[in-house]
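*Asks:* Here you go, this is model06.txt (compact mmCIF, C-alpha atoms).
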```
# COMPACT_ATOMS: atom_id res chain seq x y z
CA MET A 1 -43.77 -100.31 -156.49
CA ASN A 2 -41.50 -103.03 -155.12
CA ILE A 3 -37.94 -103.69 -156.29
CA ASP A 4 -38.94 -106.37 -158.80
CA GLN A 5 -41.50 -104.07 -160.44
CA TYR A 6 -39.11 -101.12 -160.35
CA MET A 7 -36.31 -103.02 -162.09
CA GLN A 8 -38.67 -104.53 -164.65
CA THR A 9 -39.88 -101.03 -165.49
CA LEU A 10 -36.31 -99.76 -165.87
CA GLY A 11 -35.45 -102.75 -168.04
CA LYS A 12 -38.38 -102.25 -170.40
CA GLN A 13 -37.64 -98.55 -170.70
CA ALA A 14 -33.97 -99.23 -171.39
CA ARG A 15 -34.74 -101.80 -174.08
CA LYS A 16 -37.08 -99.37 -175.84
CA ALA A 17 -34.56 -96.55 -175.56
CA SER A 18 -31.77 -98.75 -176.92
CA ARG A 19 -33.62 -99.08 -180.22
CA ALA A 20 -33.86 -95.32 -180.53
CA MET A 21 -30.19 -94.93 -179.63
CA SER A 22 -29.08 -97.48 -182.22
CA ALA A 23 -30.75 -95.32 -184.88
CA ALA A 24 -29.42 -92.00 -183.54
CA SER A 25 -26.98 -90.13 -185.76
CA THR A 26 -23.53 -89.06 -184.65
CA ALA A 27 -24.78 -85.46 -184.66
CA ASP A 28 -27.69 -86.39 -182.38
CA LYS A 29 -25.43 -88.18 -179.92
CA ASN A 30 -22.87 -85.38 -179.89
CA ALA A 31 -25.66 -82.85 -179.36
CA ALA A 32 -26.82 -84.83 -176.33
CA LEU A 33 -23.32 -84.95 -174.88
CA HIS A 34 -22.95 -81.22 -175.40
CA ALA A 35 -26.34 -80.56 -173.78
CA ILE A 36 -25.42 -82.74 -170.80
CA CYS A 37 -22.20 -80.75 -170.44
CA GLN A 38 -24.16 -77.49 -170.38
CA ARG A 39 -26.58 -78.85 -167.79
CA LEU A 40 -23.67 -79.93 -165.56
CA VAL A 41 -22.09 -76.49 -165.84
CA ALA A 42 -25.37 -74.82 -164.88
CA SER A 43 -25.81 -77.22 -161.94
CA ARG A 44 -22.26 -77.04 -160.57
CA GLN A 45 -23.31 -75.77 -157.13
CA ALA A 46 -26.19 -78.22 -156.90
CA LEU A 47 -23.74 -81.06 -157.58
CA ILE A 48 -21.39 -79.87 -154.86
CA ASP A 49 -24.28 -79.47 -152.40
CA ALA A 50 -25.57 -82.98 -153.11
CA ASN A 51 -22.06 -84.38 -152.77
CA GLY A 52 -21.72 -82.56 -149.44
CA LYS A 53 -24.73 -84.50 -148.13
CA ASP A 54 -23.14 -87.77 -149.22
CA LEU A 55 -19.82 -86.85 -147.61
CA ALA A 56 -21.48 -85.90 -144.33
CA ALA A 57 -23.41 -89.18 -144.21
CA ALA A 58 -20.30 -91.19 -145.15
CA GLN A 59 -18.23 -89.54 -142.43
CA ALA A 60 -20.97 -90.20 -139.89
CA ASN A 61 -20.97 -93.85 -140.96
CA GLY A 62 -17.19 -94.11 -140.53
CA LEU A 63 -16.26 -94.54 -144.19
CA GLU A 64 -12.48 -94.86 -144.45
CA SER A 65 -10.45 -91.90 -145.70
CA ALA A 66 -9.45 -93.47 -149.01
CA LEU A 67 -13.11 -94.02 -149.94
CA LEU A 68 -14.04 -90.53 -148.74
CA ASP A 69 -11.39 -89.17 -151.08
CA ARG A 70 -12.90 -91.09 -154.00
CA LEU A 71 -16.39 -89.95 -153.05
CA GLU A 72 -15.61 -86.23 -152.87
CA LEU A 73 -16.67 -84.18 -155.89
CA THR A 74 -14.54 -81.03 -155.99
CA GLU A 75 -14.53 -78.11 -158.43
CA SER A 76 -11.57 -79.72 -160.18
CA GLY A 77 -13.43 -83.02 -160.22
CA ILE A 78 -16.36 -81.41 -162.00
CA ASP A 79 -13.93 -79.80 -164.45
CA GLY A 80 -12.52 -83.27 -165.08
CA MET A 81 -16.01 -84.63 -165.81
CA LEU A 82 -16.61 -81.82 -168.29
CA GLU A 83 -13.26 -82.44 -169.96
CA GLY A 84 -14.07 -86.14 -170.21
CA LEU A 85 -17.38 -85.34 -171.88
CA ALA A 86 -15.61 -83.12 -174.39
CA GLN A 87 -13.13 -85.89 -175.16
CA VAL A 88 -15.84 -88.49 -175.74
CA THR A 89 -17.76 -86.04 -177.94
CA ALA A 90 -14.64 -85.59 -180.08
CA LEU A 91 -14.08 -89.34 -180.54
CA ALA A 92 -14.91 -90.94 -183.87
CA ASP A 93 -18.29 -92.68 -183.82
CA PRO A 94 -17.72 -96.42 -184.41
CA ILE A 95 -21.38 -97.22 -185.14
CA GLY A 96 -22.25 -98.02 -188.73
CA SER A 97 -18.68 -98.39 -189.97
CA ILE A 98 -18.19 -101.31 -192.35
CA SER A 99 -14.90 -103.16 -192.52
CA GLY A 100 -13.46 -106.05 -194.50
CA LEU A 101 -15.81 -105.68 -197.45
CA ASN A 102 -14.78 -108.30 -200.00
CA GLN A 103 -16.42 -109.49 -203.19
CA GLN A 104 -17.11 -113.21 -203.38
CA PRO A 105 -17.20 -115.42 -206.53
CA SER A 106 -20.99 -115.18 -206.51
CA GLY A 107 -20.74 -111.42 -206.92
CA ILE A 108 -21.99 -110.53 -203.43
CA GLN A 109 -19.87 -108.31 -201.19
CA VAL A 110 -19.49 -109.43 -197.57
CA GLY A 111 -18.29 -107.25 -194.71
CA LYS A 112 -18.89 -106.47 -191.05
CA MET A 113 -20.77 -103.49 -189.62
CA ARG A 114 -20.13 -102.20 -186.10
CA VAL A 115 -23.34 -101.98 -184.03
CA PRO A 116 -24.25 -101.19 -180.39
CA LEU A 117 -24.49 -103.95 -177.80
CA GLY A 118 -27.94 -102.74 -176.72
CA VAL A 119 -28.49 -102.24 -172.98
CA ILE A 120 -25.48 -102.08 -170.68
CA GLY A 121 -25.79 -102.35 -166.91
CA ILE A 122 -22.91 -100.80 -164.99
CA ILE A 123 -22.35 -101.34 -161.26
CA TYR A 124 -19.70 -99.24 -159.53
CA GLU A 125 -18.64 -97.83 -156.17
CA SER A 126 -17.85 -94.46 -154.59
CA ARG A 127 -16.77 -92.21 -157.44
CA PRO A 128 -19.63 -90.02 -158.77
CA ASN A 129 -17.62 -89.02 -161.85
CA VAL A 130 -18.04 -92.59 -163.12
CA THR A 131 -21.73 -91.79 -163.66
CA VAL A 132 -20.86 -89.20 -166.31
CA GLU A 133 -18.01 -91.25 -167.78
CA ALA A 134 -20.10 -94.41 -168.15
CA ALA A 135 -23.15 -92.56 -169.48
CA SER A 136 -21.13 -90.68 -172.09
CA LEU A 137 -19.38 -93.77 -173.44
CA CYS A 138 -22.64 -95.72 -173.63
CA LEU A 139 -24.43 -92.85 -175.39
CA LYS A 140 -21.66 -92.26 -177.92
CA SER A 141 -21.60 -95.98 -178.76
CA GLY A 142 -25.38 -95.99 -179.34
CA ASN A 143 -26.31 -97.98 -176.24
CA ALA A 144 -28.82 -97.45 -173.47
CA THR A 145 -27.53 -97.94 -169.95
CA ILE A 146 -28.74 -98.63 -166.42
CA LEU A 147 -26.29 -97.31 -163.81
CA ARG A 148 -26.06 -98.43 -160.20
CA GLY A 149 -23.57 -96.35 -158.20
CA GLY A 150 -22.49 -96.95 -154.64
CA SER A 151 -25.02 -96.25 -151.89
CA GLU A 152 -22.60 -93.75 -150.36
CA ALA A 153 -22.88 -91.58 -153.51
CA LEU A 154 -26.67 -91.74 -153.91
CA GLN A 155 -27.34 -87.99 -153.63
CA SER A 156 -24.44 -87.07 -155.92
CA ASN A 157 -25.47 -89.59 -158.55
CA GLN A 158 -29.09 -88.45 -158.53
CA ALA A 159 -27.98 -84.84 -159.06
CA ILE A 160 -25.81 -85.92 -161.98
CA ALA A 161 -28.63 -88.10 -163.34
CA SER A 162 -30.95 -85.09 -163.44
CA CYS A 163 -28.43 -83.24 -165.64
CA ILE A 164 -28.06 -86.22 -167.95
CA SER A 165 -31.82 -86.67 -168.26
CA ALA A 166 -32.34 -82.97 -169.02
CA GLY A 167 -29.53 -82.99 -171.58
CA LEU A 168 -31.02 -85.97 -173.39
CA GLN A 169 -34.38 -84.24 -173.49
CA ASP A 170 -32.76 -81.05 -174.81
CA ALA A 171 -31.25 -83.08 -177.68
CA GLY A 172 -34.48 -84.91 -178.49
CA LEU A 173 -33.22 -88.34 -177.40
CA PRO A 174 -35.09 -90.58 -174.93
CA GLN A 175 -34.40 -89.66 -171.32
CA THR A 176 -34.52 -93.35 -170.47
CA ALA A 177 -31.38 -93.96 -172.53
CA VAL A 178 -29.53 -93.35 -169.24
CA GLN A 179 -31.24 -94.48 -166.03
CA VAL A 180 -29.53 -94.17 -162.65
CA LEU A 181 -31.02 -96.34 -159.92
CA GLU A 182 -32.81 -94.27 -157.29
CA THR A 183 -32.46 -96.93 -154.60
CA ALA A 184 -29.55 -98.20 -152.52
CA ASP A 185 -31.31 -101.55 -151.99
CA ARG A 186 -28.87 -104.33 -152.89
CA ALA A 187 -31.75 -106.41 -154.19
CA ALA A 188 -31.81 -104.08 -157.19
CA VAL A 189 -28.36 -105.33 -158.22
CA GLY A 190 -29.57 -108.91 -158.02
CA GLN A 191 -32.42 -108.03 -160.37
CA LEU A 192 -30.23 -106.07 -162.77
CA ILE A 193 -27.80 -108.92 -163.35
CA THR A 194 -30.55 -111.50 -163.92
CA MET A 195 -32.64 -109.75 -166.60
CA PRO A 196 -31.21 -111.03 -169.92
CA GLU A 197 -34.46 -110.11 -171.65
CA TYR A 198 -33.66 -106.43 -171.00
CA VAL A 199 -29.92 -106.22 -170.30
CA ASP A 200 -27.27 -107.40 -172.76
CA VAL A 201 -24.04 -106.81 -170.82
CA ILE A 202 -23.05 -106.09 -167.20
CA VAL A 203 -19.88 -104.17 -166.35
CA PRO A 204 -18.90 -104.24 -162.65
CA ARG A 205 -16.37 -101.66 -161.46
CA GLY A 206 -15.25 -102.06 -157.89
CA GLY A 207 -13.55 -104.36 -155.42
CA LYS A 208 -12.86 -108.04 -155.92
CA GLY A 209 -15.78 -109.04 -153.67
CA LEU A 210 -18.28 -107.12 -155.78
CA ILE A 211 -16.93 -108.50 -159.05
CA GLU A 212 -16.84 -112.07 -157.77
CA ARG A 213 -20.47 -111.80 -156.68
CA ILE A 214 -21.58 -110.36 -160.01
CA SER A 215 -19.64 -112.98 -161.99
CA ARG A 216 -21.10 -115.79 -159.89
CA ASP A 217 -24.72 -114.72 -159.91
CA ALA A 218 -25.21 -112.96 -163.24
CA LYS A 219 -27.37 -114.44 -165.99
CA VAL A 220 -26.14 -111.67 -168.29
CA THR A 221 -22.74 -111.55 -170.00
CA VAL A 222 -20.18 -109.84 -167.72
CA ILE A 223 -17.18 -107.77 -168.85
CA LYS A 224 -14.76 -107.68 -165.92
CA HIS A 225 -11.41 -108.33 -164.32
CA LEU A 226 -10.90 -109.64 -160.79
CA ASP A 227 -7.27 -108.94 -159.88
CA GLY A 228 -4.43 -106.79 -161.19
CA ASN A 229 -1.37 -108.90 -160.37
CA CYS A 230 0.86 -107.19 -162.93
CA HIS A 231 4.49 -108.15 -163.57
CA VAL A 232 7.68 -106.39 -164.55
CA TYR A 233 10.37 -108.72 -165.93
CA ILE A 234 13.95 -107.41 -166.21
CA ASP A 235 15.61 -109.51 -168.89
CA ASP A 236 19.22 -110.47 -169.56
CA GLY A 237 21.10 -107.44 -170.86
CA ALA A 238 18.34 -104.94 -170.05
CA ASN A 239 19.38 -101.29 -169.99
CA PRO A 240 20.01 -100.82 -166.25
CA GLN A 241 18.67 -97.27 -165.99
CA MET A 242 15.59 -98.11 -168.06
CA ALA A 243 14.95 -101.17 -165.90
CA LEU A 244 15.27 -99.08 -162.74
CA ASP A 245 12.95 -96.35 -164.03
CA ILE A 246 10.25 -98.74 -165.24
CA ALA A 247 10.32 -101.05 -162.20
CA VAL A 248 10.05 -98.12 -159.78
CA ASN A 249 7.37 -96.26 -161.76
CA ALA A 250 5.24 -99.37 -162.30
CA LYS A 251 5.16 -99.98 -158.52
CA THR A 252 5.20 -96.53 -156.93
CA HIS A 253 3.40 -94.17 -159.34
CA ARG A 254 0.12 -95.15 -157.65
CA TYR A 255 -0.50 -98.05 -155.31
CA GLY A 256 -4.25 -98.48 -155.52
CA THR A 257 -4.72 -99.08 -159.25
CA CYS A 258 -5.22 -102.36 -161.09
CA ASN A 259 -2.30 -101.66 -163.47
CA THR A 260 0.25 -101.18 -160.67
CA ALA A 261 3.04 -103.77 -160.68
CA GLU A 262 2.73 -106.28 -157.84
CA SER A 263 5.48 -108.71 -158.88
CA LEU A 264 9.04 -108.14 -160.10
CA LEU A 265 11.01 -110.84 -161.90
CA ILE A 266 14.75 -110.39 -162.57
CA ALA A 267 16.98 -112.55 -164.77
CA SER A 268 19.69 -114.15 -162.65
CA SER A 269 22.47 -112.85 -164.92
CA VAL A 270 21.70 -109.21 -163.99
CA ALA A 271 20.13 -109.60 -160.54
CA ALA A 272 23.32 -109.00 -158.49
CA ASP A 273 23.87 -105.68 -160.25
CA ILE A 274 20.35 -104.28 -160.45
CA LEU A 275 18.55 -105.60 -157.36
CA PRO A 276 20.64 -103.55 -154.86
CA GLU A 277 19.91 -100.39 -156.88
CA LEU A 278 16.22 -101.22 -156.84
CA VAL A 279 16.32 -101.74 -153.07
CA LYS A 280 17.75 -98.23 -152.67
CA ALA A 281 15.08 -96.77 -154.95
CA TYR A 282 12.19 -98.61 -153.29
CA ALA A 283 13.48 -97.56 -149.85
CA LYS A 284 12.77 -93.93 -150.79
CA HIS A 285 9.11 -94.90 -151.28
CA GLY A 286 8.80 -97.10 -148.19
CA VAL A 287 8.13 -100.28 -150.20
CA GLU A 288 8.20 -103.65 -148.48
CA LEU A 289 9.82 -106.42 -150.55
CA ARG A 290 8.66 -110.02 -150.28
CA VAL A 291 11.53 -111.96 -151.77
CA CYS A 292 12.62 -115.40 -152.90
CA GLU A 293 15.66 -117.05 -151.28
CA GLN A 294 18.06 -116.00 -154.06
CA SER A 295 16.87 -112.40 -153.87
CA LYS A 296 17.39 -112.40 -150.09
CA GLN A 297 20.96 -113.65 -150.48
CA ILE A 298 21.79 -110.87 -152.98
CA ILE A 299 20.24 -108.21 -150.74
CA ASN A 300 21.97 -109.50 -147.59
CA SER A 301 25.32 -109.51 -149.39
CA ALA A 302 24.88 -106.01 -150.81
CA PHE A 303 23.68 -104.52 -147.51
CA ALA A 304 25.74 -106.46 -144.98
CA ASN A 305 25.88 -103.38 -142.74
CA GLY A 306 22.13 -102.87 -142.78
CA LEU A 307 19.27 -102.08 -145.15
CA PRO A 308 18.55 -98.51 -146.26
CA ASP A 309 16.03 -96.65 -144.13
CA GLY A 310 12.42 -97.02 -145.24
CA ILE A 311 12.48 -100.57 -146.59
CA ALA A 312 11.56 -103.96 -145.18
CA VAL A 313 12.55 -107.31 -146.69
CA VAL A 314 10.65 -110.47 -145.75
CA ASP A 315 10.47 -113.99 -147.12
CA ALA A 316 7.86 -114.52 -149.83
CA THR A 317 5.28 -117.26 -149.50
CA GLU A 318 3.54 -119.09 -152.33
CA ASP A 319 0.53 -116.79 -151.88
CA ASP A 320 2.67 -113.71 -152.57
CA TRP A 321 3.16 -114.71 -156.21
CA TYR A 322 -0.62 -114.47 -156.71
CA GLU A 323 -1.24 -111.34 -154.64
CA GLU A 324 -2.68 -107.97 -155.68
CA TYR A 325 -1.43 -105.82 -152.80
CA LEU A 326 -2.77 -102.38 -153.78
CA ALA A 327 -0.17 -101.16 -151.29
CA PRO A 328 3.60 -100.40 -151.08
CA ILE A 329 4.44 -104.11 -151.14
CA LEU A 330 6.21 -105.92 -154.00
CA ALA A 331 6.94 -109.61 -154.57
CA VAL A 332 10.44 -110.19 -156.00
CA LYS A 333 11.76 -113.35 -157.63
CA ILE A 334 14.99 -114.20 -159.44
CA VAL A 335 14.40 -116.36 -162.54
CA ALA A 336 16.86 -118.21 -164.76
CA GLY A 337 15.80 -116.22 -167.82
CA LEU A 338 13.02 -115.59 -170.30
CA ASP A 339 11.57 -119.11 -170.30
CA GLU A 340 11.10 -119.17 -166.53
CA ALA A 341 9.74 -115.61 -166.53
CA ILE A 342 7.06 -116.47 -169.08
CA GLU A 343 6.19 -119.68 -167.22
CA HIS A 344 5.92 -117.83 -163.90
CA ILE A 345 3.74 -115.05 -165.32
CA ASN A 346 1.37 -117.42 -167.09
CA GLN A 347 1.00 -119.45 -163.87
CA TYR A 348 0.56 -116.67 -161.33
CA SER A 349 -0.63 -113.53 -163.11
CA SER A 350 -4.22 -112.33 -163.29
CA GLN A 351 -3.83 -111.82 -167.06
CA HIS A 352 -4.04 -108.05 -166.69
CA SER A 353 -0.79 -106.30 -167.72
CA GLU A 354 2.84 -107.42 -167.93
CA THR A 355 6.02 -105.79 -169.25
CA ILE A 356 9.51 -106.88 -170.24
CA VAL A 357 12.56 -104.64 -170.05
CA THR A 358 15.03 -105.85 -172.63
CA GLU A 359 17.39 -104.88 -175.43
CA ASN A 360 16.94 -108.27 -177.10
CA TYR A 361 14.48 -108.13 -180.02
CA GLN A 362 13.89 -111.90 -180.14
CA HIS A 363 13.16 -111.98 -176.41
CA SER A 364 10.73 -109.07 -176.66
CA MET A 365 8.83 -110.73 -179.49
CA ARG A 366 8.61 -114.02 -177.62
CA PHE A 367 7.37 -112.20 -174.53
CA ILE A 368 4.49 -110.40 -176.23
CA ARG A 369 3.57 -113.52 -178.19
CA GLU A 370 3.70 -116.08 -175.36
CA VAL A 371 2.53 -114.13 -172.29
CA ASP A 372 -1.23 -114.66 -172.02
CA SER A 373 -2.46 -111.33 -170.64
CA SER A 374 -4.77 -108.60 -171.89
CA SER A 375 -1.94 -106.04 -172.17
CA VAL A 376 1.66 -107.06 -172.83
CA MET A 377 4.37 -104.41 -173.11
CA ILE A 378 7.98 -103.94 -174.11
CA ASN A 379 10.12 -101.37 -172.27
CA ALA A 380 7.18 -99.45 -170.77
CA SER A 381 5.55 -99.18 -167.34
CA THR A 382 2.44 -101.27 -166.68
CA ARG A 383 0.79 -98.01 -165.55
CA PHE A 384 0.10 -97.29 -169.24
CA ALA A 385 -2.60 -100.01 -169.29
CA ASP A 386 -5.40 -97.45 -169.36
CA GLY A 387 -8.01 -96.38 -171.90
CA PHE A 388 -6.87 -92.76 -171.99
CA GLU A 389 -3.20 -93.71 -172.42
CA TYR A 390 -4.16 -96.14 -175.20
CA GLY A 391 -5.87 -93.36 -177.13
CA LEU A 392 -9.38 -94.63 -176.43
CA GLY A 393 -10.41 -91.30 -174.92
CA ALA A 394 -11.85 -93.02 -171.86
CA GLU A 395 -12.68 -96.50 -170.67
CA ILE A 396 -15.63 -98.21 -169.09
CA GLY A 397 -13.27 -100.63 -167.35
CA ILE A 398 -10.61 -103.26 -168.09
CA SER A 399 -11.41 -106.78 -169.15
CA THR A 400 -9.24 -109.84 -168.69
CA ASP A 401 -11.81 -112.00 -170.48
CA LYS A 402 -11.03 -113.34 -173.94
CA ILE A 403 -14.57 -112.86 -175.25
CA HIS A 404 -15.96 -110.22 -176.06
CA ALA A 405 -13.58 -107.41 -175.12
CA ARG A 406 -10.06 -107.67 -173.72
CA GLY A 407 -7.95 -104.98 -172.09
CA PRO A 408 -9.19 -101.40 -171.62
CA VAL A 409 -12.80 -101.21 -172.85
CA GLY A 410 -13.54 -98.01 -174.74
CA LEU A 411 -16.14 -97.13 -177.35
CA GLU A 412 -15.33 -100.07 -179.62
CA GLY A 413 -15.52 -102.47 -176.68
CA LEU A 414 -19.14 -101.37 -176.16
CA THR A 415 -20.03 -102.47 -179.67
CA SER A 416 -20.38 -105.70 -181.58
CA GLU A 417 -20.29 -106.59 -185.27
CA LYS A 418 -22.79 -108.11 -187.63
CA TYR A 419 -22.24 -109.41 -191.13
CA VAL A 420 -23.64 -107.32 -193.95
CA VAL A 421 -24.06 -108.55 -197.52
CA LEU A 422 -24.33 -106.25 -200.54
CA GLY A 423 -25.74 -107.70 -203.71
CA ASN A 424 -27.35 -106.65 -206.98
CA GLY A 425 -29.84 -109.43 -207.51
CA GLN A 426 -27.74 -112.54 -206.90
CA ILE A 427 -29.56 -115.79 -206.15
CA ARG A 428 -27.89 -118.99 -205.00
CA SER A 429 -27.86 -121.87 -207.43
```
So that I can check it, write out the structure of this file as structure tokens.
*Replies:*
Amino acid sequence: MNIDQYMQTLGKQARKASRAMSAASTADKNAALHAICQRLVASRQALIDANGKDLAAAQANGLESALLDRLELTESGIDGMLEGLAQVTALADPIGSISGLNQQPSGIQVGKMRVPLGVIGIIYESRPNVTVEAASLCLKSGNATILRGGSEALQSNQAIASCISAGLQDAGLPQTAVQVLETADRAAVGQLITMPEYVDVIVPRGGKGLIERISRDAKVTVIKHLDGNCHVYIDDGANPQMALDIAVNAKTHRYGTCNTAESLLIASSVAADILPELVKAYAKHGVELRVCEQSKQIINSAFANGLPDGIAVVDATEDDWYEEYLAPILAVKIVAGLDEAIEHINQYSSQHSETIVTENYQHSMRFIREVDSSSVMINASTRFADGFEYGLGAEIGISTDKIHARGPVGLEGLTSEKYVVLGNGQIRS
């Protein structure tokens, strides 16, 4: 069949499976996750063999080393998938829980019940472990899902899909509750994101280009974020050692993640003391600083005899305040204080994750109240903006939208709510 027919078939099967999944008990869903885990264990060598084919093809096609690293499925990577499955299995099932039940003057009780979204389409690149992670979260939250991994991981994803399908069958749940596309044809993505009759939500996980395309062309609701221009603001009177630790960790712990700090703001009252110490610390990691004029003056004064080895300091442009570098580069700006910091962040940030380092309670409360981002922190590294670190067990992605989910999207983010009314014969007069 052609791509249109193929995607229509997948959509119909997913919609039918979603109804069965919405009625599945917690025990049924956990049994399926356990069965999938057992199938993955039994197929460990087959997974590695399939991944080897993908790696060989990717190397032949000149895939860059960073993507090859993400593509590789090692023994430890499989162990990580199995551990992730165990964690999702252990999570509380949100489906069916009723909250806010209140009795009204008429005698009826009104509350909200948590329910699945339905069918979730997930589009992602490179990493085969995402196939297991996404499938497990969708299953536990009572959804059906259609997964489209990167073309470079086609063999790996099909091997994983076979384990998932067999595990679902073992547990007596529909195998079509998780469907992994068997084609690398990009036209399939175009179909997936324009089938609102079958797909309720699309979650793109990948580069900015992919997410922009999905957001532009989709006829289905999209949960996504585009950029991770995260900020660290060092406030007046911040603990100097805490500020140093957080600012360095937020930038250098990992460079290629969306919760890595890309911009550093420092209150002018403490900049002359703390910025030179930060320059020394960043030099050890080979970080390039793109600085405002006031920052440059402080650095030039502190290092009149030359900068420490390993660091470069260049003038920032207007574009640098918006940039997600995903590299050892950091934009640095001196601000007058809290008001200017909040104004700068709300103008330039991507509404992902921001943190303030401060000993001032009023300033910290203003910061978390007035900064308009999906995660706002006090005295903690932006690297904590992650589903696992937030206690969600795992995440399907991070959303900077304001509707429906915001921040790391875990099990609850893959659900909705409906009103439920409990009565004992009331009629409206």
*Asks:* Per residue of segment 100-170 of chain A within 8 Å of segment 52-64 of chain A, which atom pair is closest and at what distance in Å (one decimal), using all atoms listed in the file, listed by chain and increasing number, as JSON lines?
*Replies:*
```
{"residue": "A:Glu152", "atom": "CA", "partner": "A:Asp54", "partner_atom": "CA", "distance": 6.1}
{"residue": "A:Ala153", "atom": "CA", "partner": "A:Asp54", "partner_atom": "CA", "distance": 5.7}
{"residue": "A:Leu154", "atom": "CA", "partner": "A:Asp54", "partner_atom": "CA", "distance": 7.1}
{"residue": "A:Gln155", "atom": "CA", "partner": "A:Asp54", "partner_atom": "CA", "distance": 6.1}
{"residue": "A:Ser156", "atom": "CA", "partner": "A:Asp54", "partner_atom": "CA", "distance": 6.9}
```
*Asks:* Just to be explicit: take each residue in the selection above, keep C-alpha atoms, and write the result as an mmCIF file, keeping the file's coordinate frame.
*Replies:*
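The resulting file, out_11.cif, is reproduced below:
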```cif
data_model
loop_
_atom_site.group_PDB
_atom_site.id
_atom_site.type_symbol
_atom_site.label_atom_id
_atom_site.label_comp_id
_atom_site.auth_asym_id
_atom_site.auth_seq_id
_atom_site.Cartn_x
_atom_site.Cartn_y
_atom_site.Cartn_z
ATOM 1 C CA GLU A 152 -22.600 -93.750 -150.360
ATOM 2 C CA ALA A 153 -22.880 -91.580 -153.510
ATOM 3 C CA LEU A 154 -26.670 -91.740 -153.910
ATOM 4 C CA GLN A 155 -27.340 -87.990 -153.630
ATOM 5 C CA SER A 156 -24.440 -87.070 -155.920
#
```
*Asks:* With only C-alpha atoms as the basis for distance, which of A:Ala159, A:Ile3, A:Ile403, A:Leu264 is at the shortest distance from Glu354 of chain A?
*Replies:*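 Answer, going by the shortest atom-to-atom distance: A:Leu264.
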*Asks:* Would you mind reading off the distance between atom CA of Val110 of chain A and atom CA of Glu412 of chain A, one decimal, in Å?
*Replies:*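 We find that atom CA of Val110 of chain A and atom CA of Glu412 of chain A lie 20.7 Å from each other.
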*Asks:* Please report, as JSON, the centre and edge lengths in Å to one decimal of an axis-aligned box covering all listed atoms of segment 297-305 of chain A with 5 Å per side.
*Replies:*
```
{"center_x": 23.1, "center_y": -108.5, "center_z": -147.9, "size_x": 15.6, "size_y": 20.3, "size_z": 20.2}
```
*Asks:* Which residues, written as a PDB file with C-alpha atoms, in the coordinates of the input, have at least one atom at most 10 Å from Ile234 of chain A, with all atoms listed in the file counted and residues fewer than 2 positions away on the same chain left out?
*Replies:*
```pdb
ATOM      1  CA  HIS A 231       4.490-108.150-163.570  1.00  0.00           C
ATOM      2  CA  VAL A 232       7.680-106.390-164.550  1.00  0.00           C
ATOM      3  CA  ASP A 236      19.220-110.470-169.560  1.00  0.00           C
ATOM      4  CA  GLY A 237      21.100-107.440-170.860  1.00  0.00           C
ATOM      5  CA  ALA A 238      18.340-104.940-170.050  1.00  0.00           C
ATOM      6  CA  ASN A 239      19.380-101.290-169.990  1.00  0.00           C
ATOM      7  CA  PRO A 240      20.010-100.820-166.250  1.00  0.00           C
ATOM      8  CA  MET A 242      15.590 -98.110-168.060  1.00  0.00           C
ATOM      9  CA  ALA A 243      14.950-101.170-165.900  1.00  0.00           C
ATOM     10  CA  LEU A 244      15.270 -99.080-162.740  1.00  0.00           C
ATOM     11  CA  ILE A 246      10.250 -98.740-165.240  1.00  0.00           C
ATOM     12  CA  ALA A 247      10.320-101.050-162.200  1.00  0.00           C
ATOM     13  CA  LEU A 264       9.040-108.140-160.100  1.00  0.00           C
ATOM     14  CA  LEU A 265      11.010-110.840-161.900  1.00  0.00           C
ATOM     15  CA  ILE A 266      14.750-110.390-162.570  1.00  0.00           C
ATOM     16  CA  ALA A 267      16.980-112.550-164.770  1.00  0.00           C
ATOM     17  CA  SER A 268      19.690-114.150-162.650  1.00  0.00           C
ATOM     18  CA  VAL A 270      21.700-109.210-163.990  1.00  0.00           C
ATOM     19  CA  ALA A 271      20.130-109.600-160.540  1.00  0.00           C
ATOM     20  CA  ILE A 274      20.350-104.280-160.450  1.00  0.00           C
ATOM     21  CA  ILE A 334      14.990-114.200-159.440  1.00  0.00           C
ATOM     22  CA  VAL A 335      14.400-116.360-162.540  1.00  0.00           C
ATOM     23  CA  GLY A 337      15.800-116.220-167.820  1.00  0.00           C
ATOM     24  CA  LEU A 338      13.020-115.590-170.300  1.00  0.00           C
ATOM     25  CA  ALA A 341       9.740-115.610-166.530  1.00  0.00           C
ATOM     26  CA  THR A 355       6.020-105.790-169.250  1.00  0.00           C
ATOM     27  CA  ILE A 356       9.510-106.880-170.240  1.00  0.00           C
ATOM     28  CA  VAL A 357      12.560-104.640-170.050  1.00  0.00           C
ATOM     29  CA  THR A 358      15.030-105.850-172.630  1.00  0.00           C
ATOM     30  CA  ASN A 379      10.120-101.370-172.270  1.00  0.00           C
TER      31      ASN A 379
END
```
*Asks:* Have a look at atom CA of Gly310 of chain A and atom CA of Gly228 of chain A and let me know their distance in Å, one decimal.
*Replies:*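 It comes out at 25.2 Å.
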*Asks:* Just the number, please: distance in Å from atom CA of Ala50 of chain A to atom CA of Gln158 of chain A, one decimal.
*Replies:*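 Computing it gives 8.5 Å between the two atoms.
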*Asks:* Can you list, as an NGL selection string, every protein, DNA or RNA residue that comes within 12 Å of Glu293 of chain A when you count all atoms listed in the file, leaving out same-chain residues fewer than 5 positions away?
*Replies:* :A and (298-300 or 313-317 or 331-335)
*Asks:* From the set A:Val132, A:Ile122, A:Leu117, A:Val222, which residue has the shortest atom-to-atom contact distance to Ala161 of chain A, counting all atoms listed in the file?
*Replies:*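 The closest residue to Ala161 of chain A is A:Val132.
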